[in-house]
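Enquirer: To start, I am sharing the structure in question, which I have written as structure tokens.
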Amino acid sequence: MKALAAFFATVLAVLLCACGGQGSMLPKSGGRPYEVLVVSGGGDAGRMLDSILSRDAEGLPQSEPMFDVSLTDSLRFNQAARLARNIVIVTVNPGLFTSLRIKYEKNVWARPQMVAYVNAPSAVCIRDGLLRLGRSLADLFTRAEMNAEIARLSVSGNARAEAVAKDLLDCEIRIPSGMKYSKTGDGFAWFSNNAARGMQNICVYSYPGLVLDPELALAARDSVMMRGIPGERTGMYMRTVPGSVRCGLAKEKGRTLMISRGLWEMRGDAMGGPFVAHSMVDSARGRVVVAEAFVYAPESRKRNLIRQSEAALYTLRIKD
């Protein structure tokens with residue numbers, strides 16, 4: 001009896017550990033960031049999702065898809081395929097569903113992983129709701145990738161660079177460990193990995209104001225970058241490409257952000273690339289704080305570089 005009791009106690013302990021710590025026991029997901037595997041039962045549903053998720057990403061100087069999409073069917077969705085980092089499983093069944101519905105789960109077969117389930121009564125229903133469906137899936141997977149990068153930053157940030165931003169601008173932000181090069185000025189900090197190919201950069205600065213206005217933000221950006229990031233020769237400096245900027249508001253941790261995406265160029269030089277800026281009002285100090293990421297990667301794909309850098313911007317916090 002004692003042996004039997006010990007056996008059941010052991011089994012119970014194993015079950016409790018499995019239930020409580022399943023996420024940490026999962027294998028590491030495979031593939032690169034912003035890859036999506038679409039699983040369908042055949043027909044047009046998978047191809048329609050491919051077309052909407054493969055649209056051009058916003059704010060880049062050349063055509064790149066929002067996601068790198070692969071298609072497979074349910075018969076080929078084996079154990080190896082289940083390790084993909086982002087998965088869409090499409091089920092078309094008029095007997096089970098009366099309308100288009102989306103649900104999602106995190107870390108089902110691997111970690112980190114986002115699995116979205118698209119359920120519909122027909123492929124026509126998916127086609128009619130394709131734009132809304134595409135926006136929902138794009139937002140879901142983009143945020144999942146951002147969260148994965150933020151989690152990595154939380155354990156491998158650049159403490160020295162973060163201390164510089166804190167001292168100069170009374171704000172907190174996670175800086176990637178690879179950005180070991182820095183330059184500071186009056187209310188301005190620039191961090192860079194200074195890579196020969198795929199140079200990633202983060203700038204933090206502020207300007208007076210209590211509103212998030214796109215025109216004021218653009219004027220402030222050009223003024224700050226002209227002073228802070230000059231070129232190799234006199235008369236060269238960074239500026240915004242006219243007409244390239246798109247702005248929008250978002251809520252993050254209870255605060256309102258203005259997110260601006262556009263292109264930058266070096267006046268008098270051939271350098272340029274994409275940038276994204278997060279602006280936040282600091283009413284206690286009568287200013288707007290900006291954290292910006294920009295990339296220089298000539299003749300290379302830039303989507304993953306700018307998105308990886310952008311994840312750090314979501315960690316911006318103003319000290320009370």
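Identifiers for the structure tokens are assigned positionally: chains receive A, B, ... in sequence, residues are indexed from 1 per chain, and ligands are indexed from 1 in the order shown.
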If you run DSSP on this backbone, which residues of segment 211-246 of chain A come out as alpha helix (DSSP H), and could you give them as an MDAnalysis selection string?
Expert: chainID A and resid 214:228
Enquirer: Would you write out those residues with all heavy atoms, as a compact mmCIF listing (two decimals), in the first residue's frame?
Expert:
# COMPACT_ATOMS: atom_id res chain seq x y z
N PRO A 214 1.48 65.86 -36.09
CA PRO A 214 2.42 65.35 -37.11
C PRO A 214 3.36 66.41 -37.68
O PRO A 214 4.55 66.14 -37.88
CB PRO A 214 1.49 64.78 -38.19
CG PRO A 214 0.23 64.43 -37.46
CD PRO A 214 0.08 65.49 -36.41
N GLU A 215 2.85 67.62 -37.93
CA GLU A 215 3.70 68.65 -38.51
C GLU A 215 4.77 69.13 -37.53
O GLU A 215 5.93 69.34 -37.89
CB GLU A 215 2.84 69.82 -38.99
CG GLU A 215 1.94 69.47 -40.18
CD GLU A 215 1.22 70.69 -40.71
OE1 GLU A 215 1.48 71.81 -40.22
OE2 GLU A 215 0.39 70.52 -41.62
N LEU A 216 4.36 69.30 -36.27
CA LEU A 216 5.34 69.69 -35.25
C LEU A 216 6.40 68.61 -35.06
O LEU A 216 7.59 68.89 -34.90
CB LEU A 216 4.64 69.98 -33.92
CG LEU A 216 3.74 71.23 -33.88
CD1 LEU A 216 3.06 71.32 -32.52
CD2 LEU A 216 4.55 72.49 -34.17
N ALA A 217 5.94 67.35 -35.07
CA ALA A 217 6.87 66.23 -34.90
C ALA A 217 7.87 66.17 -36.05
O ALA A 217 9.07 65.92 -35.83
CB ALA A 217 6.10 64.92 -34.80
N LEU A 218 7.41 66.41 -37.27
CA LEU A 218 8.29 66.36 -38.43
C LEU A 218 9.32 67.49 -38.39
O LEU A 218 10.51 67.29 -38.66
CB LEU A 218 7.46 66.44 -39.71
CG LEU A 218 8.23 66.43 -41.03
CD1 LEU A 218 9.08 65.18 -41.15
CD2 LEU A 218 7.26 66.52 -42.21
N ALA A 219 8.85 68.70 -38.01
CA ALA A 219 9.77 69.83 -37.91
C ALA A 219 10.82 69.58 -36.83
O ALA A 219 12.01 69.88 -37.02
CB ALA A 219 8.99 71.11 -37.62
N ALA A 220 10.38 69.01 -35.69
CA ALA A 220 11.32 68.71 -34.62
C ALA A 220 12.32 67.66 -35.05
O ALA A 220 13.52 67.76 -34.75
CB ALA A 220 10.56 68.25 -33.38
N ARG A 221 11.85 66.65 -35.76
CA ARG A 221 12.75 65.59 -36.21
C ARG A 221 13.85 66.15 -37.11
O ARG A 221 15.03 65.86 -36.92
CB ARG A 221 11.97 64.50 -36.96
CG ARG A 221 12.88 63.40 -37.46
CD ARG A 221 12.18 62.35 -38.31
NE ARG A 221 13.10 61.24 -38.48
CZ ARG A 221 14.05 61.17 -39.41
NH1 ARG A 221 14.18 62.16 -40.29
NH2 ARG A 221 14.88 60.14 -39.47
N ASP A 222 13.46 66.93 -38.10
CA ASP A 222 14.45 67.46 -39.03
C ASP A 222 15.45 68.38 -38.32
O ASP A 222 16.65 68.38 -38.63
CB ASP A 222 13.76 68.21 -40.17
CG ASP A 222 13.23 67.26 -41.23
OD1 ASP A 222 13.73 66.12 -41.31
OD2 ASP A 222 12.32 67.63 -41.98
N SER A 223 14.96 69.15 -37.35
CA SER A 223 15.85 70.03 -36.61
C SER A 223 16.85 69.24 -35.77
O SER A 223 18.06 69.52 -35.77
CB SER A 223 15.02 70.95 -35.70
OG SER A 223 15.84 71.75 -34.89
N VAL A 224 16.34 68.22 -35.06
CA VAL A 224 17.21 67.41 -34.20
C VAL A 224 18.22 66.62 -35.02
O VAL A 224 19.41 66.56 -34.68
CB VAL A 224 16.35 66.46 -33.33
CG1 VAL A 224 17.23 65.41 -32.65
CG2 VAL A 224 15.59 67.24 -32.28
N MET A 225 17.77 66.02 -36.11
CA MET A 225 18.67 65.18 -36.91
C MET A 225 19.71 66.02 -37.64
O MET A 225 20.85 65.58 -37.85
CB MET A 225 17.87 64.35 -37.90
CG MET A 225 16.94 63.34 -37.25
SD MET A 225 17.81 62.27 -36.07
CE MET A 225 16.47 61.25 -35.48
N MET A 226 19.35 67.22 -38.04
CA MET A 226 20.33 68.09 -38.70
C MET A 226 21.50 68.38 -37.76
O MET A 226 22.67 68.35 -38.17
CB MET A 226 19.67 69.42 -39.13
CG MET A 226 20.65 70.39 -39.77
SD MET A 226 19.90 71.99 -40.18
CE MET A 226 18.82 71.51 -41.52
N ARG A 227 21.19 68.63 -36.48
CA ARG A 227 22.24 68.92 -35.52
C ARG A 227 22.95 67.65 -35.04
O ARG A 227 24.17 67.64 -34.87
CB ARG A 227 21.66 69.64 -34.29
CG ARG A 227 21.02 70.97 -34.58
CD ARG A 227 20.75 71.73 -33.28
NE ARG A 227 20.06 70.90 -32.29
CZ ARG A 227 18.73 70.81 -32.20
NH1 ARG A 227 17.96 71.47 -33.04
NH2 ARG A 227 18.19 70.06 -31.26
N GLY A 228 22.19 66.60 -34.82
CA GLY A 228 22.74 65.43 -34.16
C GLY A 228 23.40 64.41 -35.06
O GLY A 228 24.29 63.67 -34.63
Enquirer: Got a sec: who's within 6 Å of segment 56-71 of chain A, counting only C-alpha atoms, leaving out chain neighbours fewer than 3 positions off, as a PyMOL selection string?
Expert: chain A and resi 34-38+53+261-262+274
Enquirer: Just write the chosen residues, all heavy atoms, as an mmCIF file, in the first residue's frame.
Expert:
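And here's selection_24.cif as it stands now:
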data_model
loop_
_atom_site.group_PDB
_atom_site.id
_atom_site.type_symbol
_atom_site.label_atom_id
_atom_site.label_comp_id
_atom_site.auth_asym_id
_atom_site.auth_seq_id
_atom_site.Cartn_x
_atom_site.Cartn_y
_atom_site.Cartn_z
ATOM 1 N N TYR A 34 8.619 36.912 -38.687
ATOM 2 C CA TYR A 34 7.695 37.371 -39.721
ATOM 3 C C TYR A 34 7.498 36.349 -40.840
ATOM 4 O O TYR A 34 7.129 36.696 -41.949
ATOM 5 C CB TYR A 34 8.108 38.747 -40.262
ATOM 6 C CG TYR A 34 8.100 39.777 -39.155
ATOM 7 C CD1 TYR A 34 9.266 40.098 -38.468
ATOM 8 C CD2 TYR A 34 6.911 40.372 -38.748
ATOM 9 C CE1 TYR A 34 9.252 40.998 -37.412
ATOM 10 C CE2 TYR A 34 6.892 41.276 -37.700
ATOM 11 C CZ TYR A 34 8.058 41.588 -37.036
ATOM 12 O OH TYR A 34 8.033 42.464 -35.989
ATOM 13 N N GLU A 35 7.735 35.082 -40.527
ATOM 14 C CA GLU A 35 7.322 33.987 -41.399
ATOM 15 C C GLU A 35 5.994 33.435 -40.889
ATOM 16 O O GLU A 35 5.802 33.283 -39.683
ATOM 17 C CB GLU A 35 8.364 32.877 -41.427
ATOM 18 C CG GLU A 35 9.633 33.239 -42.168
ATOM 19 C CD GLU A 35 10.606 32.074 -42.257
ATOM 20 O OE1 GLU A 35 10.500 31.135 -41.442
ATOM 21 O OE2 GLU A 35 11.483 32.116 -43.144
ATOM 22 N N VAL A 36 5.077 33.134 -41.797
ATOM 23 C CA VAL A 36 3.756 32.611 -41.444
ATOM 24 C C VAL A 36 3.468 31.371 -42.280
ATOM 25 O O VAL A 36 3.638 31.387 -43.502
ATOM 26 C CB VAL A 36 2.649 33.661 -41.683
ATOM 27 C CG1 VAL A 36 1.270 33.071 -41.388
ATOM 28 C CG2 VAL A 36 2.876 34.898 -40.831
ATOM 29 N N LEU A 37 3.040 30.317 -41.616
ATOM 30 C CA LEU A 37 2.613 29.091 -42.289
ATOM 31 C C LEU A 37 1.091 29.064 -42.307
ATOM 32 O O LEU A 37 0.446 29.127 -41.251
ATOM 33 C CB LEU A 37 3.145 27.863 -41.556
ATOM 34 C CG LEU A 37 2.704 26.497 -42.108
ATOM 35 C CD1 LEU A 37 3.263 26.273 -43.513
ATOM 36 C CD2 LEU A 37 3.128 25.368 -41.163
ATOM 37 N N VAL A 38 0.503 28.980 -43.498
ATOM 38 C CA VAL A 38 -0.951 28.904 -43.647
ATOM 39 C C VAL A 38 -1.332 27.463 -43.974
ATOM 40 O O VAL A 38 -0.854 26.893 -44.960
ATOM 41 C CB VAL A 38 -1.450 29.845 -44.757
ATOM 42 C CG1 VAL A 38 -2.967 29.679 -44.966
ATOM 43 C CG2 VAL A 38 -1.128 31.298 -44.409
ATOM 44 N N LEU A 53 -1.662 38.605 -46.730
ATOM 45 C CA LEU A 53 -0.538 38.711 -45.799
ATOM 46 C C LEU A 53 0.772 39.041 -46.518
ATOM 47 O O LEU A 53 1.735 39.462 -45.875
ATOM 48 C CB LEU A 53 -0.374 37.409 -45.014
ATOM 49 C CG LEU A 53 -1.480 37.086 -44.009
ATOM 50 C CD1 LEU A 53 -1.278 35.687 -43.413
ATOM 51 C CD2 LEU A 53 -1.528 38.131 -42.902
ATOM 52 N N ARG A 261 5.886 56.646 -39.522
ATOM 53 C CA ARG A 261 6.747 55.824 -40.379
ATOM 54 C C ARG A 261 7.078 56.608 -41.639
ATOM 55 O O ARG A 261 6.206 57.271 -42.212
ATOM 56 C CB ARG A 261 6.059 54.514 -40.768
ATOM 57 C CG ARG A 261 5.669 53.654 -39.593
ATOM 58 C CD ARG A 261 5.027 52.346 -40.045
ATOM 59 N NE ARG A 261 4.436 51.655 -38.905
ATOM 60 C CZ ARG A 261 5.121 50.889 -38.057
ATOM 61 N NH1 ARG A 261 6.410 50.701 -38.264
ATOM 62 N NH2 ARG A 261 4.532 50.326 -37.037
ATOM 63 N N GLY A 262 8.321 56.519 -42.071
ATOM 64 C CA GLY A 262 8.703 57.236 -43.274
ATOM 65 C C GLY A 262 10.105 56.872 -43.709
ATOM 66 O O GLY A 262 10.691 55.876 -43.264
ATOM 67 N N PRO A 274 14.562 53.476 -44.112
ATOM 68 C CA PRO A 274 13.310 53.680 -43.384
ATOM 69 C C PRO A 274 13.553 54.099 -41.935
ATOM 70 O O PRO A 274 14.606 53.828 -41.354
ATOM 71 C CB PRO A 274 12.663 52.295 -43.431
ATOM 72 C CG PRO A 274 13.822 51.354 -43.410
ATOM 73 C CD PRO A 274 14.937 52.039 -44.169
#
Enquirer: Neighbours of Leu83 of chain A within 6 Å (only C-alpha atoms; same-chain residues fewer than 4 positions away dropped), as number ranges by chain?
Expert: A: 29-30, 110
Enquirer: Produce a file of the selected residues containing all heavy atoms, as a short mmCIF file (atom, residue, chain, number, x, y, z; two decimals), in the first residue's frame.
Expert:
data_model
loop_
_atom_site.label_atom_id
_atom_site.label_comp_id
_atom_site.auth_asym_id
_atom_site.auth_seq_id
_atom_site.Cartn_x
_atom_site.Cartn_y
_atom_site.Cartn_z
N SER A 29 10.52 27.36 -31.23
CA SER A 29 9.89 27.44 -32.55
C SER A 29 10.95 27.65 -33.62
O SER A 29 12.04 28.17 -33.36
CB SER A 29 8.86 28.57 -32.58
OG SER A 29 9.46 29.80 -32.22
N GLY A 30 10.61 27.26 -34.83
CA GLY A 30 11.55 27.35 -35.94
C GLY A 30 11.21 28.49 -36.87
O GLY A 30 10.20 29.17 -36.75
N ALA A 110 5.12 24.98 -29.74
CA ALA A 110 6.49 25.48 -29.60
C ALA A 110 6.44 26.83 -28.90
O ALA A 110 5.36 27.35 -28.59
CB ALA A 110 7.15 25.59 -30.97
#
Enquirer: Taking only C-alpha atoms into account, name the residue in A:Ser122, A:Ser279, A:Asn194, A:Ser40 that is nearest to Val88 of chain A.
Expert: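 For Val88 of chain A, the nearest of the given residues is A:Ser40.
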Enquirer: Which one of A:Ile87, A:Ala311, A:Met48, A:Ala80 sits closest to Met146 of chain A if you count only C-alpha atoms?
Expert: A:Ala311
Enquirer: Mind dumping a table of every segment 155-200 of chain A residue within 9 Å of segment 283-303 of chain A, with the nearest atom pair and its distance in Å to one decimal, using only C-alpha atoms, sorted by chain and rising number, as CSV?
Expert:
residue,atom,partner,partner_atom,distance
A:Leu169,CA,A:Val289,CA,8.2
A:Cys171,CA,A:Val289,CA,8.4
A:Ile173,CA,A:Ala291,CA,8.5
A:Ala196,CA,A:Ala297,CA,8.4
A:Arg197,CA,A:Ala297,CA,5.6
A:Gly198,CA,A:Ala297,CA,4.4
A:Met199,CA,A:Tyr296,CA,5.1
A:Gln200,CA,A:Val295,CA,4.8
Enquirer: If you keep C-alpha atoms, can you produce a file of those selected residues as a PDB file, in the first residue's frame?
Expert:
ATOM      1  CA  LEU A 169      16.090  62.518 -20.931  1.00  0.00           C
ATOM      2  CA  CYS A 171      13.041  58.277 -19.512  1.00  0.00           C
ATOM      3  CA  ILE A 173      13.951  52.460 -22.724  1.00  0.00           C
ATOM      4  CA  ALA A 196      28.881  47.682 -42.231  1.00  0.00           C
ATOM      5  CA  ARG A 197      25.755  45.944 -43.538  1.00  0.00           C
ATOM      6  CA  GLY A 198      22.425  46.249 -41.771  1.00  0.00           C
ATOM      7  CA  MET A 199      23.166  49.253 -39.549  1.00  0.00           C
ATOM      8  CA  GLN A 200      20.473  49.614 -36.869  1.00  0.00           C
TER       9      GLN A 200
END
Enquirer: Give me, please, the distance in Å between atom CA of Asp128 of chain A and atom CA of Ile52 of chain A, quoted to one decimal.
Expert: 12.4 Å
Enquirer: For the strand (DSSP E) assignment from backbone DSSP, which residues of segment 25-165 of chain A qualify? Please present them as a PDB file with C-alpha atoms, in the first residue's frame.
Expert:
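Final file, states_12.pdb:
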ATOM      1  CA  GLU A  35       7.322  33.987 -41.399  1.00  0.00           C
ATOM      2  CA  VAL A  36       3.756  32.611 -41.444  1.00  0.00           C
ATOM      3  CA  LEU A  37       2.613  29.091 -42.289  1.00  0.00           C
ATOM      4  CA  VAL A  38      -0.951  28.904 -43.647  1.00  0.00           C
ATOM      5  CA  VAL A  39      -2.622  25.503 -43.274  1.00  0.00           C
ATOM      6  CA  SER A  40      -5.812  24.845 -45.213  1.00  0.00           C
ATOM      7  CA  ASP A  68       6.906  35.597 -45.737  1.00  0.00           C
ATOM      8  CA  VAL A  69       4.041  33.168 -46.266  1.00  0.00           C
ATOM      9  CA  SER A  70       4.246  29.418 -46.881  1.00  0.00           C
ATOM     10  CA  LEU A  71       1.243  27.273 -47.787  1.00  0.00           C
ATOM     11  CA  THR A  72       0.532  23.691 -46.818  1.00  0.00           C
ATOM     12  CA  ASP A  73      -2.487  21.447 -46.399  1.00  0.00           C
ATOM     13  CA  ASN A  86       3.369  31.790 -36.727  1.00  0.00           C
ATOM     14  CA  ILE A  87       0.578  29.525 -37.994  1.00  0.00           C
ATOM     15  CA  VAL A  88      -2.850  30.130 -39.529  1.00  0.00           C
ATOM     16  CA  ILE A  89      -5.147  27.094 -39.585  1.00  0.00           C
ATOM     17  CA  VAL A  90      -8.076  27.596 -41.967  1.00  0.00           C
ATOM     18  CA  THR A  91     -11.197  25.470 -41.601  1.00  0.00           C
ATOM     19  CA  VAL A  92     -14.070  25.842 -44.083  1.00  0.00           C
ATOM     20  CA  ARG A 101     -14.551  33.854 -36.960  1.00  0.00           C
ATOM     21  CA  ILE A 102     -10.954  34.171 -35.722  1.00  0.00           C
ATOM     22  CA  LYS A 103      -9.458  32.895 -32.499  1.00  0.00           C
ATOM     23  CA  TYR A 104      -5.860  32.436 -31.423  1.00  0.00           C
ATOM     24  CA  GLU A 105      -3.631  30.565 -28.986  1.00  0.00           C
ATOM     25  CA  LYS A 106      -0.073  31.162 -27.835  1.00  0.00           C
ATOM     26  CA  MET A 114       1.217  32.285 -32.273  1.00  0.00           C
ATOM     27  CA  VAL A 115      -1.495  30.088 -33.787  1.00  0.00           C
ATOM     28  CA  ALA A 116      -4.560  31.703 -35.376  1.00  0.00           C
ATOM     29  CA  TYR A 117      -7.661  29.722 -36.316  1.00  0.00           C
ATOM     30  CA  VAL A 118      -9.767  31.070 -39.175  1.00  0.00           C
ATOM     31  CA  ASN A 119     -13.177  29.347 -39.285  1.00  0.00           C
ATOM     32  CA  ALA A 120     -15.751  30.017 -41.990  1.00  0.00           C
TER      33      ALA A 120
END
Enquirer: What gap, in Å, lies between atom CA of Leu316 of chain A and atom CA of Val204 of chain A?
Expert: 9.5 Å
Enquirer: With only C-alpha atoms as the basis for distance, which of A:Ala277, A:Leu313, A:Ile259, A:Leu210 is at the shortest distance from Arg174 of chain A?
Expert: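 Among the listed residues, the smallest separation from Arg174 of chain A belongs to A:Leu313.
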Enquirer: Please compute the atom CA of Arg307 of chain A-atom CA of Phe275 of chain A distance, one decimal, in Å.
Expert: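 Separation between atom CA of Arg307 of chain A and atom CA of Phe275 of chain A: 9.8 Å.
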